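Scroll down for the structure; my scribbles are underneath it.
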Amino acid sequence: MSEQINLHAQVSDELVGKRLDQAVAQLFPDYSRSRLQNWIKDGSITVDGEVKRPRDKLMGGESVELSAQLEVIEEHAAQDIPLNIVYEDDDILVINKPAGLVVHPAAGHADGTLLNALLHHCPEINQVPRAGIVHRLDMDTTGLMVVAKTIQAQTDLVDQLQERTMGREYEAVVNRVMTGGGTVDEPMGRHSKNRQKMAVVGLGKEAVTHYRVLEKFRAHTHVRLKLETGRTHQIRVHMSYINYPLIGDQLYGGRFRLPKGISDEVQALLRGFKRQALHAKKLELWHPRTGELMSWEVDLPEDMQTLIDALKKDAVNSDVDL
């Protein structure tokens with residue numbers, strides 16, 4: 001399955017002296033720069049009927065033609081996996097992801113992923129890179145994700161992420177009692193010894209996480225977090241870095257310890273909580289076609305709410321100042 005694209009544009013005065021690759025990014029904004037670069041190189045984009053190099057300068061008044069095939073991107077199987085859909089229209093899909101659902105096929109998870117579910121729910125999404133997935137949640141993190149159903153929507157949503165105009169807020173339960181909120185502004189990169197982990201590293205990419213306290217318990221804190229950047233494992237790494245690792249985090253939580261004096265109920269819940277207590281609570285974005293500001297918020301999953309209720313009850317019984 002493929003779609004033929006045939007577009008035409010005239011080089012305006014404001015693009016005089018621009019490189020071809022820079023100009024077509026403005027002339028055909030529905031497509032990513034990397035895709036346009038490839039189309040220039042394979043001759044799908046011509047200038048006055050001639051194939052040009054990406055770096056060739058424009059004089060003004062030229063006729064730019066785009067004639068290309070959008071081929072099926074994904075070769076993964078469509079699978080009938082239930083999706084908790086919060087919102088859907090012709091351009092985007094917002095889902096509430098459960099714990100345990102891998103977002104994209106990878107080593108050890110060849111299928112049974114969100115991508116496989118999307119291909120079944122919306123077959124035409126196979127023409128969009130990564131089946132429209134523009135940001136990810138870890139397998140055991142729950143909550144809101146947006147998926148683009150068209151290339152145009154994906155290009156716009158990726159731009160929003162890069163320009164930090166997409167709002168993403170999370171809730172988590174961390175070990176130890178916080179005194180107040182704050183910001184972690186520490187660069188991140190791959191861990192030097194364990195390649196499965198990320199870490200705060202001096203020459204890493206910028207990573208900024210804001211956090212504030214929602215509730216304090218005997219030995220834990222319920223927090224709300226807002227991302228400015230979207231690095232892999234960012235919240236988990238940053239909270240561990242400031243010595244407030246997430247409950248249940250098997251990768252960044254450190255050695256498991258039970259606080260003294262907690263109830264048997266809380267002990268059982270903490271021992272049995274085998275995933276990071278992290279939930280993507282709120283998502284805010286500008287609709288890629290209408291330009292409308294849209295926002296969604298979903299309840300905490302049952303396991304996190306049960307944990308918080310038990311911690312609250314334990315704190316009340318111990319006279320902790322909430």
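Just so we're on the same page: first chain in the structure tokens is A, next is B, and so on; residues restart at 1 for each chain, and ligands are numbered from 1 in the order they show up.
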Pro29 in chain A surroundings by only C-alpha atoms, 10 Å radius, close-in-sequence under 6 positions cut, as JSON, numbers by chain | {"A": [23, 36, 152, 155, 156]}
Near Val16 in chain A, counting only C-alpha atoms, which residues have an atom at most 12 Å away, once you skip same-chain residues fewer than 6 positions from it, shown as a PyMOL selection string?
-> chain A and resi 10+22-23+56-62
Produce a table with one row for each residue of range 240-312 of chain A that has an atom at most 7 Å from any atom of range 130-151 of chain A, each row naming the nearest atom pair and its distance in Å at one decimal; use only C-alpha atoms; arrange rows by chain and rising residue number; format as CSV.
```
residue,atom,partner,partner_atom,distance
A:Arg275,CA,A:Asp140,CA,5.8
A:Gln276,CA,A:Asp140,CA,6.6
A:Leu278,CA,A:Thr141,CA,5.5
A:His279,CA,A:Thr142,CA,4.7
A:Ala280,CA,A:Gly143,CA,4.2
A:Lys281,CA,A:Gly143,CA,5.9
A:Lys282,CA,A:Leu144,CA,6.7
A:Leu283,CA,A:Leu144,CA,6.5
```
With C-alpha atoms retained, write the just-selected residues as a PDB file, in the first residue's frame.
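Listing of selection_15.pdb after writing:
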```pdb
ATOM      1  CA  ARG A 275       6.879  -1.447  38.971  1.00  0.00           C
ATOM      2  CA  GLN A 276       7.881   2.196  39.261  1.00  0.00           C
ATOM      3  CA  LEU A 278       4.768   6.608  37.964  1.00  0.00           C
ATOM      4  CA  HIS A 279       1.699   7.783  36.036  1.00  0.00           C
ATOM      5  CA  ALA A 280       1.379  10.236  33.117  1.00  0.00           C
ATOM      6  CA  LYS A 281      -1.527  12.183  34.596  1.00  0.00           C
ATOM      7  CA  LYS A 282      -2.027  15.153  32.270  1.00  0.00           C
ATOM      8  CA  LEU A 283      -1.354  15.911  28.609  1.00  0.00           C
TER       9      LEU A 283
END
```
Would you kindly return, as a list in words, each protein, DNA or RNA residue with an atom no farther than 9 Å from any atom of range 37-42 of chain A, considering only C-alpha atoms and excluding same-chain residues fewer than 3 positions away?
-> Leu20, Asp21, Val24, Ser32, Arg33, Ser34, Ile45, Thr46, Val51, Lys52, Arg53, Pro54, Leu66, Ser67 and Ala68 of chain A
Mind writing the picked residues with C-alpha atoms as a PDB file, in the first residue's frame?
```pdb
ATOM      1  CA  LEU A  20      17.214  23.954  -1.301  1.00  0.00           C
ATOM      2  CA  ASP A  21      16.783  21.804   1.809  1.00  0.00           C
ATOM      3  CA  VAL A  24      11.537  23.011   0.910  1.00  0.00           C
ATOM      4  CA  SER A  32       9.933  16.313   8.269  1.00  0.00           C
ATOM      5  CA  ARG A  33      13.308  17.737   7.274  1.00  0.00           C
ATOM      6  CA  SER A  34      14.890  14.282   7.126  1.00  0.00           C
ATOM      7  CA  ILE A  45      12.091  16.886  -5.548  1.00  0.00           C
ATOM      8  CA  THR A  46      13.137  18.850  -8.648  1.00  0.00           C
ATOM      9  CA  VAL A  51      17.572  17.348  -9.764  1.00  0.00           C
ATOM     10  CA  LYS A  52      19.562  19.531  -7.362  1.00  0.00           C
ATOM     11  CA  ARG A  53      21.709  18.951  -4.289  1.00  0.00           C
ATOM     12  CA  PRO A  54      20.374  19.858  -0.820  1.00  0.00           C
ATOM     13  CA  LEU A  66       7.547  17.149  -5.273  1.00  0.00           C
ATOM     14  CA  SER A  67       6.545  13.766  -6.686  1.00  0.00           C
ATOM     15  CA  ALA A  68       7.017  10.861  -4.292  1.00  0.00           C
TER      16      ALA A  68
END
```
DSSP-assigned alpha helix (DSSP H) among range 261-291 of chain A, expressed as an MDAnalysis selection string | chainID A and resid 264:272
Would you return as number ranges by chain the members of range 85-293 of chain A that DSSP assigns to strand (DSSP E or B) on this structure's backbone?
-> A: 85-88, 92-97, 106, 109, 133, 142-148, 167-175, 182-185, 188-190, 198-200, 205, 208-216, 220-227, 246, 278-286, 293
Distance query Met304 in chain A at most 9 Å, only C-alpha atoms, self and fewer than 2 positions along chain excluded, as a PyMOL selection string = chain A and resi 172-173+273+277-279+300-302+306-309
For His121 in chain A, work out the shell of residues within 12 Å, counting only C-alpha atoms and skipping chain neighbours fewer than 3 positions away, then give it as a ChimeraX atom specification.
-> /A:77-85,88,93,114-118,124-126,131,149
Only C-alpha atoms, please: the residues just picked out, written as a short mmCIF file (atom, residue, chain, number, x, y, z; two decimals), in the first residue's frame.
```cif
data_model
loop_
_atom_site.label_atom_id
_atom_site.label_comp_id
_atom_site.auth_asym_id
_atom_site.auth_seq_id
_atom_site.Cartn_x
_atom_site.Cartn_y
_atom_site.Cartn_z
CA ALA A 77 1.77 -7.44 12.53
CA ALA A 78 -1.55 -5.86 13.43
CA GLN A 79 -2.83 -7.41 16.67
CA ASP A 80 -6.22 -7.05 18.35
CA ILE A 81 -5.00 -5.66 21.68
CA PRO A 82 -7.50 -3.57 23.69
CA LEU A 83 -6.76 0.15 23.87
CA ASN A 84 -8.12 2.56 26.47
CA ILE A 85 -8.89 5.45 24.11
CA GLU A 88 -9.73 10.26 18.86
CA LEU A 93 -5.34 9.44 19.12
CA LEU A 114 1.18 -0.65 21.55
CA LEU A 115 2.44 -0.36 17.97
CA ASN A 116 0.87 -3.73 17.08
CA ALA A 117 -2.40 -2.59 18.66
CA LEU A 118 -2.35 0.69 16.71
CA GLU A 124 -3.74 3.36 7.62
CA ILE A 125 -1.33 4.39 10.37
CA ASN A 126 1.19 1.99 8.82
CA ALA A 131 2.92 3.99 13.51
CA LYS A 149 -2.62 9.30 12.64
#
```
Nearest residue to His76 in chain A from the set A:Ala110, A:Ile95, A:Leu157, A:Ala310 (distances using only C-alpha atoms) |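 For His76 in chain A, the nearest of the candidates is A:Ala110.
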